[in-house]
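Student: Just upload_7.pdb, nothing more (PDB, C-alpha atoms):
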```pdb
ATOM      1  CA  MET D  82      27.330  10.509  -9.976
ATOM      2  CA  THR D  83      28.392  13.326 -12.234
ATOM      3  CA  ARG D  84      29.392  13.154 -15.841
ATOM      4  CA  LYS D  85      31.220  15.938 -17.684
ATOM      5  CA  ARG D  86      30.177  17.107 -21.104
ATOM      6  CA  LYS D  87      32.491  18.747 -23.586
ATOM      7  CA  SER D  88      31.498  22.101 -22.153
ATOM      8  CA  SER D  89      32.527  23.076 -18.645
ATOM      9  CA  LYS D  90      29.040  22.361 -17.196
ATOM     10  CA  THR D  91      28.461  19.211 -15.140
ATOM     11  CA  ILE D  92      25.155  17.347 -15.154
ATOM     12  CA  ARG D  93      23.699  14.965 -12.554
ATOM     13  CA  VAL D  94      22.691  11.508 -13.721
ATOM     14  CA  GLN D  95      20.035   9.558 -11.787
ATOM     15  CA  ARG D  96      21.428   6.154 -10.862
ATOM     16  CA  ALA D  97      19.246   3.070 -11.057
ATOM     17  CA  GLY D  98      18.605   1.150  -7.834
ATOM     18  CA  ARG D  99      19.091   2.176  -4.230
ATOM     19  CA  TYR D 100      22.313   3.671  -2.967
ATOM     20  CA  GLY D 101      23.606   4.722   0.434
ATOM     21  CA  ARG D 102      22.004   3.902   3.768
ATOM     22  CA  LEU D 103      18.582   3.079   2.301
ATOM     23  CA  LYS D 104      19.690   0.624  -0.371
ATOM     24  CA  SER D 105      18.722  -2.605   1.420
ATOM     25  CA  ARG D 106      15.325  -1.574   2.767
ATOM     26  CA  LYS D 107      12.677  -3.292   0.703
ATOM     27  CA  SER D 108       9.951  -2.011   3.036
ATOM     28  CA  LEU D 109      10.368   1.522   1.677
ATOM     29  CA  ARG D 110       9.191   2.818  -1.687
ATOM     30  CA  GLN D 111      10.908   5.508  -3.712
ATOM     31  CA  ILE D 112       9.137   8.748  -4.596
ATOM     32  CA  PHE D 113      10.831  11.108  -7.041
ATOM     33  CA  VAL D 114      10.226  14.732  -6.045
ATOM     34  CA  LYS D 115      11.156  17.789  -8.082
ATOM     35  CA  THR D 116      12.646  20.559  -5.932
ATOM     36  CA  PRO D 117      12.146  24.257  -6.668
ATOM     37  CA  GLY D 118      15.763  24.400  -7.887
ATOM     38  CA  GLY D 119      14.985  21.922 -10.671
ATOM     39  CA  LYS D 120      16.705  18.875  -9.163
ATOM     40  CA  THR D 121      14.974  15.535  -8.822
ATOM     41  CA  VAL D 122      15.403  14.110  -5.326
ATOM     42  CA  VAL D 123      14.422  10.665  -4.051
ATOM     43  CA  HIS D 124      12.185  10.517  -0.956
ATOM     44  CA  TYR D 125      11.573   7.200   0.812
ATOM     45  CA  LYS D 126       8.116   6.349   2.189
ATOM     46  CA  LYS D 127       6.774   3.221   3.833
ATOM     47  CA  LYS D 128       4.797   0.878   1.611
ATOM     48  CA  LYS D 129       1.124   0.311   2.282
ATOM     49  CA  PRO D 130      -0.010  -3.200   3.218
ATOM     50  CA  GLY D 131      -1.736  -5.391   0.657
ATOM     51  CA  LYS D 132      -5.478  -5.298   0.068
ATOM     52  CA  ALA D 133      -7.799  -7.599   2.023
ATOM     53  CA  HIS D 134      -9.178 -10.646   0.205
ATOM     54  CA  CYS D 135     -12.206 -12.864   0.810
ATOM     55  CA  ALA D 136     -11.295 -16.062   2.684
ATOM     56  CA  GLU D 137     -13.423 -18.288   0.430
ATOM     57  CA  CYS D 138     -13.389 -16.899  -3.120
ATOM     58  CA  GLY D 139     -10.369 -14.556  -2.971
ATOM     59  CA  VAL D 140     -12.161 -11.427  -4.252
ATOM     60  CA  LEU D 141     -10.889  -8.037  -3.045
ATOM     61  CA  LEU D 142     -12.948  -6.877  -0.068
ATOM     62  CA  SER D 143     -14.586  -3.490  -0.448
ATOM     63  CA  GLY D 144     -15.008  -1.158   2.503
ATOM     64  CA  ILE D 145     -11.706  -2.021   4.171
ATOM     65  CA  PRO D 146      -9.032   0.709   4.173
ATOM     66  CA  ARG D 147      -5.524  -0.128   3.037
ATOM     67  CA  GLU D 148      -3.611   1.480   5.905
ATOM     68  CA  SER D 149      -0.829   0.584   8.314
ATOM     69  CA  SER D 150      -1.673  -0.990  11.667
ATOM     70  CA  ILE D 151      -0.841   2.237  13.520
ATOM     71  CA  LYS D 152      -3.345   4.257  11.455
ATOM     72  CA  MET D 153      -5.931   1.466  11.771
ATOM     73  CA  GLN D 154      -5.692   1.635  15.587
ATOM     74  CA  ASN D 155      -6.780   5.278  15.539
ATOM     75  CA  MET D 156      -9.745   4.670  13.216
ATOM     76  CA  PRO D 157     -13.216   3.951  14.585
ATOM     77  CA  LYS D 158     -14.358   0.341  14.367
ATOM     78  CA  SER D 159     -17.078   1.167  11.825
ATOM     79  CA  THR D 160     -14.538   2.407   9.241
ATOM     80  CA  LYS D 161     -12.175  -0.564   9.636
ATOM     81  CA  ARG D 162     -14.624  -3.112   8.233
ATOM     82  CA  PRO D 163     -18.281  -3.510   7.171
ATOM     83  CA  GLU D 164     -20.699  -3.928  10.081
ATOM     84  CA  ARG D 165     -22.326  -7.219   9.079
ATOM     85  CA  PRO D 166     -21.688 -10.838  10.050
ATOM     86  CA  TYR D 167     -18.336 -11.989   8.617
ATOM     87  CA  GLY D 168     -17.561  -8.354   7.697
ATOM     88  CA  GLY D 169     -13.873  -7.936   6.823
ATOM     89  CA  PHE D 170     -13.458 -11.705   6.457
ATOM     90  CA  LEU D 171     -15.870 -12.738   3.679
ATOM     91  CA  CYS D 172     -17.222 -10.806   0.698
ATOM     92  CA  SER D 173     -20.954 -10.010   0.682
ATOM     93  CA  LYS D 174     -21.834 -12.916  -1.652
ATOM     94  CA  CYS D 175     -19.980 -15.538   0.387
ATOM     95  CA  ALA D 176     -21.330 -14.121   3.659
ATOM     96  CA  ARG D 177     -24.887 -14.313   2.273
ATOM     97  CA  LYS D 178     -24.345 -17.963   1.255
ATOM     98  CA  LYS D 179     -22.863 -18.819   4.662
ATOM     99  CA  ILE D 180     -25.761 -17.233   6.566
ATOM    100  CA  ILE D 181     -28.322 -19.069   4.413
ATOM    101  CA  GLU D 182     -26.478 -22.390   4.951
ATOM    102  CA  GLU D 183     -26.471 -21.872   8.732
ATOM    103  CA  PHE D 184     -30.181 -20.971   8.701
ATOM    104  CA  ARG D 185     -31.054 -24.102   6.674
ATOM    105  CA  LYS D 186     -29.133 -26.384   9.070
ATOM    106  CA  LYS D 187     -31.388 -25.327  11.975
TER     107      LYS D 187
END
```
Represent the structure of the file as C-alpha cells.
Tutor:
Amino acid sequence: MTRKRKSSKTIRVQRAGRYGRLKSRKSLRQIFVKTPGGKTVVHYKKKKPGKAHCAECGVLLSGIPRESSIKMQNMPKSTKRPERPYGGFLCSKCARKKIIEEFRKK
C-alpha cells in the first residue's frame, strides 16, 4: 500500500495483519527483517510448540527442549528429557514424592 505525500516521493506503509497467500496461516509467526536497502520485509517462520508442564502440579519442566517433532527426532534421547524415573512427565519434586510413596507402599 503506497501513500503519496505532497512531494513527488512515495512512501511504503506497513499494513496491519496478514495479507496475500499467508494471511490465514495461524501456524506461522511474523518476523520483521530490515533489508540492506532500508525496507522492512515480513518473513514467516513456524511457531515453536508450547513448553512442557508437570502432569501433577503444572510447573514448567526444566531440561526439555522446546523444539518441533522433526528436530526432536534427530536429538539423542538424553537431551530430550531428564534421565530419571518420570523424567519429562513429572517435575523433580513430584517425582520424588511419587517414588517415596511407592517405596512406602511396599
Student: For the structure provided, state which residues fall under the PyMOL selection byres ((chain D and resi 145-157) around 8), and present them as a list in words.
Tutor: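 Evaluating the PyMOL selection byres ((chain D and resi 145-157) around 8) on these coordinates yields Lys129, Pro130, Gly131, Lys132, Ala133, Leu142, Ser143, Gly144, Lys158, Ser159, Thr160, Lys161, Arg162, Pro163 and Gly169 of chain D.
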Student: Taking all listed atoms of range 113-128 of chain D, build the axis-aligned box, pad each of the six sides by 3 Å, then write its centre and edge lengths in Å to one decimal as JSON.
Tutor:
```
{"center_x": 10.8, "center_y": 12.6, "center_z": -3.4, "size_x": 17.9, "size_y": 29.5, "size_z": 20.5}
```
Student: Compare D:Glu164, D:Lys126, D:Cys175, D:Pro117 by their minimum atom-to-atom distance to Gly139 in chain D, counting all atoms listed in the file, and give me the closest one.
Tutor: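 Among the listed residues, D:Cys175 lies closest to Gly139 in chain D.
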Student: Would you compute the distance between CA of Leu141 in chain D and CA of Ala176 in chain D? Give it in Å to one decimal.
Tutor: 13.8 Å
Student: What's around His124 in chain D at 8 Å? Count all atoms listed in the file, leave out sequence neighbours fewer than 6 positions away in its own chain, and write the answer as a list in words.
Tutor: Gln111, Ile112, Phe113 and Val114 of chain D
Student: Any idea what the distance is between CA of Arg165 in chain D and CA of Glu183 in chain D?
Tutor: 15.2 Å
